$ cat work-v8.pdb   # PDB, C-alpha atoms, pLDDT in the B column
ATOM      1  CA  MET A   1       5.270  -8.177  -3.240  1.00 55.00           C
ATOM      2  CA  ASP A   2       2.613  -7.215  -5.799  1.00 73.00           C
ATOM      3  CA  THR A   3      -0.747  -8.518  -4.698  1.00 90.00           C
ATOM      4  CA  THR A   4      -3.720  -8.046  -6.991  1.00 94.00           C
ATOM      5  CA  VAL A   5      -7.427  -8.374  -6.255  1.00 96.00           C
ATOM      6  CA  GLU A   6      -9.773  -9.021  -9.166  1.00 97.00           C
ATOM      7  CA  GLN A   7     -13.517  -9.431  -8.995  1.00 97.00           C
ATOM      8  CA  LEU A   8     -15.968  -9.973 -11.805  1.00 96.00           C
ATOM      9  CA  ALA A   9     -19.010  -7.727 -11.727  1.00 96.00           C
ATOM     10  CA  GLU A  10     -22.138  -7.529 -13.796  1.00 95.00           C
ATOM     11  CA  ALA A  11     -23.093  -3.905 -14.361  1.00 96.00           C
ATOM     12  CA  ARG A  12     -26.206  -2.541 -15.999  1.00 96.00           C
ATOM     13  CA  LEU A  13     -25.561   0.143 -18.625  1.00 92.00           C
ATOM     14  CA  VAL A  14     -28.394   2.680 -18.780  1.00 92.00           C
ATOM     15  CA  THR A  15     -28.976   3.597 -22.413  1.00 86.00           C
ATOM     16  CA  ALA A  16     -30.273   6.871 -23.862  1.00 86.00           C
ATOM     17  CA  GLN A  17     -33.675   5.165 -24.128  1.00 91.00           C
ATOM     18  CA  ASP A  18     -33.635   4.436 -20.361  1.00 88.00           C
ATOM     19  CA  ARG A  19     -33.117   0.724 -20.956  1.00 92.00           C
ATOM     20  CA  GLU A  20     -30.666  -1.342 -18.946  1.00 93.00           C
ATOM     21  CA  VAL A  21     -28.191  -3.564 -20.785  1.00 92.00           C
ATOM     22  CA  THR A  22     -25.987  -6.065 -18.949  1.00 95.00           C
ATOM     23  CA  VAL A  23     -22.280  -5.260 -19.251  1.00 94.00           C
ATOM     24  CA  PRO A  24     -19.493  -7.446 -17.854  1.00 95.00           C
ATOM     25  CA  ALA A  25     -16.755  -5.693 -15.908  1.00 96.00           C
ATOM     26  CA  THR A  26     -13.719  -6.664 -13.867  1.00 97.00           C
ATOM     27  CA  LEU A  27     -12.910  -4.694 -10.737  1.00 98.00           C
ATOM     28  CA  ARG A  28      -9.172  -4.691 -10.105  1.00 98.00           C
ATOM     29  CA  TYR A  29      -6.811  -3.446  -7.399  1.00 97.00           C
ATOM     30  CA  THR A  30      -3.074  -3.880  -7.079  1.00 94.00           C
ATOM     31  CA  ALA A  31      -0.724  -3.182  -4.182  1.00 90.00           C
ATOM     32  CA  ALA A  32       1.695  -1.677  -6.728  1.00 87.00           C
ATOM     33  CA  ASP A  33      -0.754   1.204  -7.237  1.00 89.00           C
ATOM     34  CA  PRO A  34      -2.444   1.339  -3.818  1.00 92.00           C
ATOM     35  CA  LEU A  35      -4.360   4.583  -4.301  1.00 92.00           C
ATOM     36  CA  ALA A  36      -6.265   3.442  -7.392  1.00 93.00           C
ATOM     37  CA  VAL A  37      -8.925   0.990  -8.454  1.00 97.00           C
ATOM     38  CA  PHE A  38      -9.431  -0.143 -12.028  1.00 98.00           C
ATOM     39  CA  VAL A  39     -12.590  -1.135 -13.863  1.00 97.00           C
ATOM     40  CA  ASP A  40     -11.917  -3.164 -17.004  1.00 96.00           C
ATOM     41  CA  PHE A  41     -14.541  -3.566 -19.719  1.00 94.00           C
ATOM     42  CA  PRO A  42     -14.116  -6.118 -22.526  1.00 91.00           C
ATOM     43  CA  ALA A  43     -14.072  -5.068 -26.187  1.00 86.00           C
ATOM     44  CA  GLU A  44     -17.675  -6.136 -26.785  1.00 81.00           C
ATOM     45  CA  ALA A  45     -18.853  -3.756 -24.047  1.00 75.00           C
ATOM     46  CA  ALA A  46     -16.898  -0.738 -25.291  1.00 72.00           C
ATOM     47  CA  LEU A  47     -17.958   1.956 -27.727  1.00 68.00           C
ATOM     48  CA  HIS A  48     -15.039   1.479 -30.146  1.00 75.00           C
ATOM     49  CA  GLY A  49     -14.739  -2.309 -29.890  1.00 78.00           C
ATOM     50  CA  GLU A  50     -11.522  -2.225 -27.845  1.00 86.00           C
ATOM     51  CA  GLU A  51     -10.959  -3.100 -24.203  1.00 92.00           C
ATOM     52  CA  VAL A  52     -11.346  -0.089 -21.912  1.00 91.00           C
ATOM     53  CA  THR A  53      -9.942   0.458 -18.435  1.00 94.00           C
ATOM     54  CA  TRP A  54     -11.067   3.256 -16.151  1.00 95.00           C
ATOM     55  CA  THR A  55      -8.832   4.213 -13.234  1.00 96.00           C
ATOM     56  CA  PHE A  56      -9.913   6.270 -10.264  1.00 97.00           C
ATOM     57  CA  ALA A  57      -9.152   6.767  -6.581  1.00 95.00           C
ATOM     58  CA  ARG A  58     -10.031   3.993  -4.163  1.00 95.00           C
ATOM     59  CA  THR A  59     -11.255   6.683  -1.762  1.00 95.00           C
ATOM     60  CA  LEU A  60     -13.743   7.826  -4.426  1.00 97.00           C
ATOM     61  CA  LEU A  61     -15.281   4.358  -4.497  1.00 98.00           C
ATOM     62  CA  ASP A  62     -15.401   4.271  -0.705  1.00 97.00           C
ATOM     63  CA  GLN A  63     -17.089   7.675  -0.494  1.00 97.00           C
ATOM     64  CA  GLY A  64     -19.457   7.003  -3.397  1.00 98.00           C
ATOM     65  CA  LEU A  65     -20.877   3.916  -1.727  1.00 97.00           C
ATOM     66  CA  ARG A  66     -22.212   6.154   1.061  1.00 97.00           C
ATOM     67  CA  ALA A  67     -22.991   9.502  -0.607  1.00 97.00           C
ATOM     68  CA  PRO A  68     -22.544  11.292  -3.940  1.00 98.00           C
ATOM     69  CA  ALA A  69     -18.820  11.656  -4.651  1.00 98.00           C
ATOM     70  CA  GLY A  70     -16.558  12.787  -7.444  1.00 96.00           C
ATOM     71  CA  HIS A  71     -16.214  15.669  -9.841  1.00 90.00           C
ATOM     72  CA  GLY A  72     -15.207  15.391 -13.452  1.00 89.00           C
ATOM     73  CA  ASP A  73     -14.601  12.113 -15.281  1.00 96.00           C
ATOM     74  CA  VAL A  74     -15.853   9.689 -12.608  1.00 97.00           C
ATOM     75  CA  GLN A  75     -18.777  10.222 -10.269  1.00 98.00           C
ATOM     76  CA  ILE A  76     -20.287   7.657  -7.909  1.00 98.00           C
ATOM     77  CA  TRP A  77     -23.415   7.679  -5.760  1.00 98.00           C
ATOM     78  CA  PRO A  78     -25.822   5.294  -4.048  1.00 98.00           C
ATOM     79  CA  TYR A  79     -28.976   4.420  -5.995  1.00 97.00           C
ATOM     80  CA  GLY A  80     -31.567   3.027  -3.653  1.00 94.00           C
ATOM     81  CA  ARG A  81     -30.530   0.460  -1.061  1.00 92.00           C
ATOM     82  CA  THR A  82     -28.973  -2.154  -3.328  1.00 96.00           C
ATOM     83  CA  ARG A  83     -27.287  -0.405  -6.239  1.00 97.00           C
ATOM     84  CA  THR A  84     -24.577   2.143  -6.866  1.00 98.00           C
ATOM     85  CA  VAL A  85     -24.227   4.393  -9.899  1.00 98.00           C
ATOM     86  CA  VAL A  86     -20.817   4.830 -11.501  1.00 97.00           C
ATOM     87  CA  GLU A  87     -20.827   7.537 -14.168  1.00 97.00           C
ATOM     88  CA  PHE A  88     -17.892   7.815 -16.570  1.00 95.00           C
ATOM     89  CA  HIS A  89     -17.252  10.864 -18.779  1.00 94.00           C
ATOM     90  CA  SER A  90     -14.861  10.925 -21.733  1.00 89.00           C
ATOM     91  CA  PRO A  91     -14.417  13.049 -24.855  1.00 87.00           C
ATOM     92  CA  HIS A  92     -16.454  10.349 -26.660  1.00 82.00           C
ATOM     93  CA  GLY A  93     -19.463  10.591 -24.367  1.00 84.00           C
ATOM     94  CA  MET A  94     -20.857   9.470 -21.045  1.00 89.00           C
ATOM     95  CA  ALA A  95     -21.704   6.045 -19.625  1.00 91.00           C
ATOM     96  CA  LEU A  96     -24.004   5.517 -16.662  1.00 94.00           C
ATOM     97  CA  LEU A  97     -23.617   2.103 -15.027  1.00 96.00           C
ATOM     98  CA  LEU A  98     -25.476   0.517 -12.148  1.00 97.00           C
ATOM     99  CA  PHE A  99     -23.508  -1.936 -10.010  1.00 98.00           C
ATOM    100  CA  PRO A 100     -24.792  -4.071  -7.155  1.00 98.00           C
ATOM    101  CA  ALA A 101     -23.622  -2.140  -4.087  1.00 98.00           C
ATOM    102  CA  SER A 102     -22.785  -5.401  -2.305  1.00 97.00           C
ATOM    103  CA  VAL A 103     -20.320  -6.354  -5.068  1.00 98.00           C
ATOM    104  CA  LEU A 104     -18.540  -2.994  -4.836  1.00 98.00           C
ATOM    105  CA  ARG A 105     -18.438  -3.175  -1.012  1.00 97.00           C
ATOM    106  CA  ARG A 106     -17.027  -6.719  -1.067  1.00 97.00           C
ATOM    107  CA  PHE A 107     -14.359  -5.648  -3.554  1.00 98.00           C
ATOM    108  CA  LEU A 108     -13.450  -2.619  -1.447  1.00 97.00           C
ATOM    109  CA  VAL A 109     -13.125  -4.744   1.711  1.00 96.00           C
ATOM    110  CA  CYS A 110     -10.811  -7.117  -0.186  1.00 96.00           C
ATOM    111  CA  THR A 111      -8.617  -4.190  -1.254  1.00 95.00           C
ATOM    112  CA  TYR A 112      -8.300  -3.094   2.382  1.00 94.00           C
ATOM    113  CA  GLY A 113      -7.117  -6.613   3.148  1.00 92.00           C
ATOM    114  CA  VAL A 114      -4.211  -6.013   0.746  1.00 90.00           C
ATOM    115  CA  VAL A 115      -3.394  -2.420   1.776  1.00 90.00           C
ATOM    116  CA  ALA A 116      -5.256  -0.969   4.725  1.00 81.00           C
ATOM    117  CA  CYS A 117      -6.862   2.448   4.393  1.00 74.00           C
ATOM    118  CA  GLY A 118      -4.270   5.065   5.361  1.00 70.00           C
ATOM    119  CA  GLN A 119      -1.352   2.644   4.923  1.00 64.00           C
ATOM    120  CA  GLU A 120      -0.764   3.361   1.229  1.00 70.00           C
ATOM    121  CA  ASP A 121       2.867   4.060   0.304  1.00 63.00           C
ATOM    122  CA  VAL A 122       2.218   7.490  -1.222  1.00 59.00           C
ATOM    123  CA  ALA A 123       5.927   8.331  -1.499  1.00 56.00           C
ATOM    124  CA  GLY A 124       6.515   5.129  -3.451  1.00 59.00           C
ATOM    125  CA  VAL A 125       3.637   5.895  -5.810  1.00 55.00           C
ATOM    126  CA  VAL A 126       4.980   9.394  -6.459  1.00 55.00           C
ATOM    127  CA  GLU A 127       8.518   8.101  -6.993  1.00 63.00           C
ATOM    128  CA  ARG A 128       7.371   5.436  -9.484  1.00 58.00           C
ATOM    129  CA  GLY A 129       5.205   7.999 -11.296  1.00 58.00           C
ATOM    130  CA  LEU A 130       8.028  10.489 -11.629  1.00 57.00           C
ATOM    131  CA  SER A 131      10.399   7.770 -12.760  1.00 62.00           C
ATOM    132  CA  ALA A 132       7.953   6.693 -15.452  1.00 65.00           C
ATOM    133  CA  LEU A 133       7.361  10.299 -16.487  1.00 68.00           C
ATOM    134  CA  PHE A 134      11.028  11.199 -16.809  1.00 77.00           C
ATOM    135  CA  GLY A 135      12.252   7.787 -17.942  1.00 75.00           C
ATOM    136  CA  GLY A 136      15.013   7.491 -15.364  1.00 60.00           C
ATOM    137  CA  VAL A 137      16.568  10.865 -16.259  1.00 60.00           C
TER     138      VAL A 137
END
$ encode --input "work-v8.pdb" --output "structure tokens"
Amino acid sequence: MDTTVEQLAEARLVTAQDREVTVPATLRYTAADPLAVFVDFPAEAALHGEEVTWTFARTLLDQGLRAPAGHGDVQIWPYGRTRTVVEFHSPHGMALLLFPASVLRRFLVCTYGVVACGQEDVAGVVERGLSALFGGV
């Protein structure tokens, strides 16, 4: 059974001029990939005018809601009492987004309702990944 959780979120993109611009996003989680969360941005919110999806570990989101977490492409940390920063790095640049912490927490709780923390089928994820990589060889 492939259960998916989707939640709309309104993020605030911090520009180079320290202005905040509203950006729509969809938070997504699927039992088929239980270790990951996805953040989808529509074409109008993306740098190159095409939909963009960022994928990162569900544990990173969990940790980042409480304290600075992550190294590399995705970093997350609390910002005051009500917001959470999600920073994305790519070869094209960096995006700093502020999300309502309550929205991210609610989404995370919903994902744990689908697959509880620690109950992820890691062997299944590895097997599917290797199968995709080697094309059934």
$ resolve_selection --input "work-v8.pdb" --expression "the PyMOL selection byres ((chain A and resi 31) around 9)" --output "MDAnalysis selection string"
chainID A and resid 1:5 29:30 32:35 111 114:115 120
$ atom_distance --input "work-v8.pdb" --atom1 "atom CA of A:Cys117" --atom2 "atom CA of A:Asp62"
10.1 Å
$ resolve_selection --input "work-v8.pdb" --expression "the PyMOL selection byres ((chain A and resi 87-95) around 8)" --output "PDB file with C-alpha atoms, keeping the file's coordinate frame"
ATOM      1  CA  LEU A  13     -25.561   0.143 -18.625  1.00 92.00           C
ATOM      2  CA  VAL A  14     -28.394   2.680 -18.780  1.00 92.00           C
ATOM      3  CA  GLY A  72     -15.207  15.391 -13.452  1.00 89.00           C
ATOM      4  CA  ASP A  73     -14.601  12.113 -15.281  1.00 96.00           C
ATOM      5  CA  VAL A  74     -15.853   9.689 -12.608  1.00 97.00           C
ATOM      6  CA  GLN A  75     -18.777  10.222 -10.269  1.00 98.00           C
ATOM      7  CA  ILE A  76     -20.287   7.657  -7.909  1.00 98.00           C
ATOM      8  CA  VAL A  85     -24.227   4.393  -9.899  1.00 98.00           C
ATOM      9  CA  VAL A  86     -20.817   4.830 -11.501  1.00 97.00           C
ATOM     10  CA  LEU A  96     -24.004   5.517 -16.662  1.00 94.00           C
ATOM     11  CA  LEU A  97     -23.617   2.103 -15.027  1.00 96.00           C
TER      12      LEU A  97
END
$ closest_residue --input "work-v8.pdb" --among "A:Val23, A:Pro68, A:Arg28, A:Glu6" --to "A:Ala46" --atoms "only C-alpha atoms"
A:Val23
$ closest_residue --input "work-v8.pdb" --among "A:Gly118, A:Gly70, A:Gly113, A:Pro100" --to "A:Ala9" --atoms "all atoms listed in the file"
A:Pro100
$ residues_around --input "work-v8.pdb" --residues "A:Ala45" --least-positions-apart "6" --cutoff "12 Å" --atoms "only C-alpha atoms" --output "list in words"
Glu10, Ala11, Arg12, Leu13, Val21, Thr22, Val23, Pro24, Ala25, Thr26, Glu51, Val52, Thr53, Ala95 and Leu97 of chain A
$ closest_residue --input "work-v8.pdb" --among "A:Pro78, A:Ser102, A:Val37, A:Arg19" --to "A:Arg58" --atoms "only C-alpha atoms"
A:Val37
$ residues_around --input "work-v8.pdb" --residues "A:Trp54" --least-positions-apart "6" --cutoff "8 Å" --atoms "all atoms listed in the file" --output "PDB file with C-alpha atoms, in the frame of the given file"
ATOM      1  CA  PHE A  38      -9.431  -0.143 -12.028  1.00 98.00           C
ATOM      2  CA  VAL A  39     -12.590  -1.135 -13.863  1.00 97.00           C
ATOM      3  CA  ASP A  40     -11.917  -3.164 -17.004  1.00 96.00           C
TER       4      ASP A  40
END
$ atom_distance --input "work-v8.pdb" --atom1 "atom CA of A:Leu8" --atom2 "atom CA of A:Arg105"
13.0 Å
$ closest_residue --input "work-v8.pdb" --among "A:Gly135, A:Leu27, A:Gly64, A:Thr82" --to "A:Pro42" --atoms "only C-alpha atoms"
A:Leu27
$ axis_aligned_box --input "work-v8.pdb" --around "stretch 15-18 of chain A" --padding-each-side "3 Å" --output "AutoDock Vina command-line options"
--center_x -31.3 --center_y 5.2 --center_z -22.2 --size_x 10.7 --size_y 9.3 --size_z 9.8
$ atom_distance --input "work-v8.pdb" --atom1 "atom CA of A:Ala36" --atom2 "atom CA of A:Ala57"
4.5 Å
$ closest_residue --input "work-v8.pdb" --among "A:Tyr79, A:Phe99, A:Tyr112, A:Phe41" --to "A:Arg66" --atoms "all atoms listed in the file"
A:Tyr79
$ closest_residue --input "work-v8.pdb" --among "A:Ala16, A:Leu61, A:Ala67, A:Ala43" --to "A:Arg106" --atoms "all atoms listed in the file"
A:Leu61
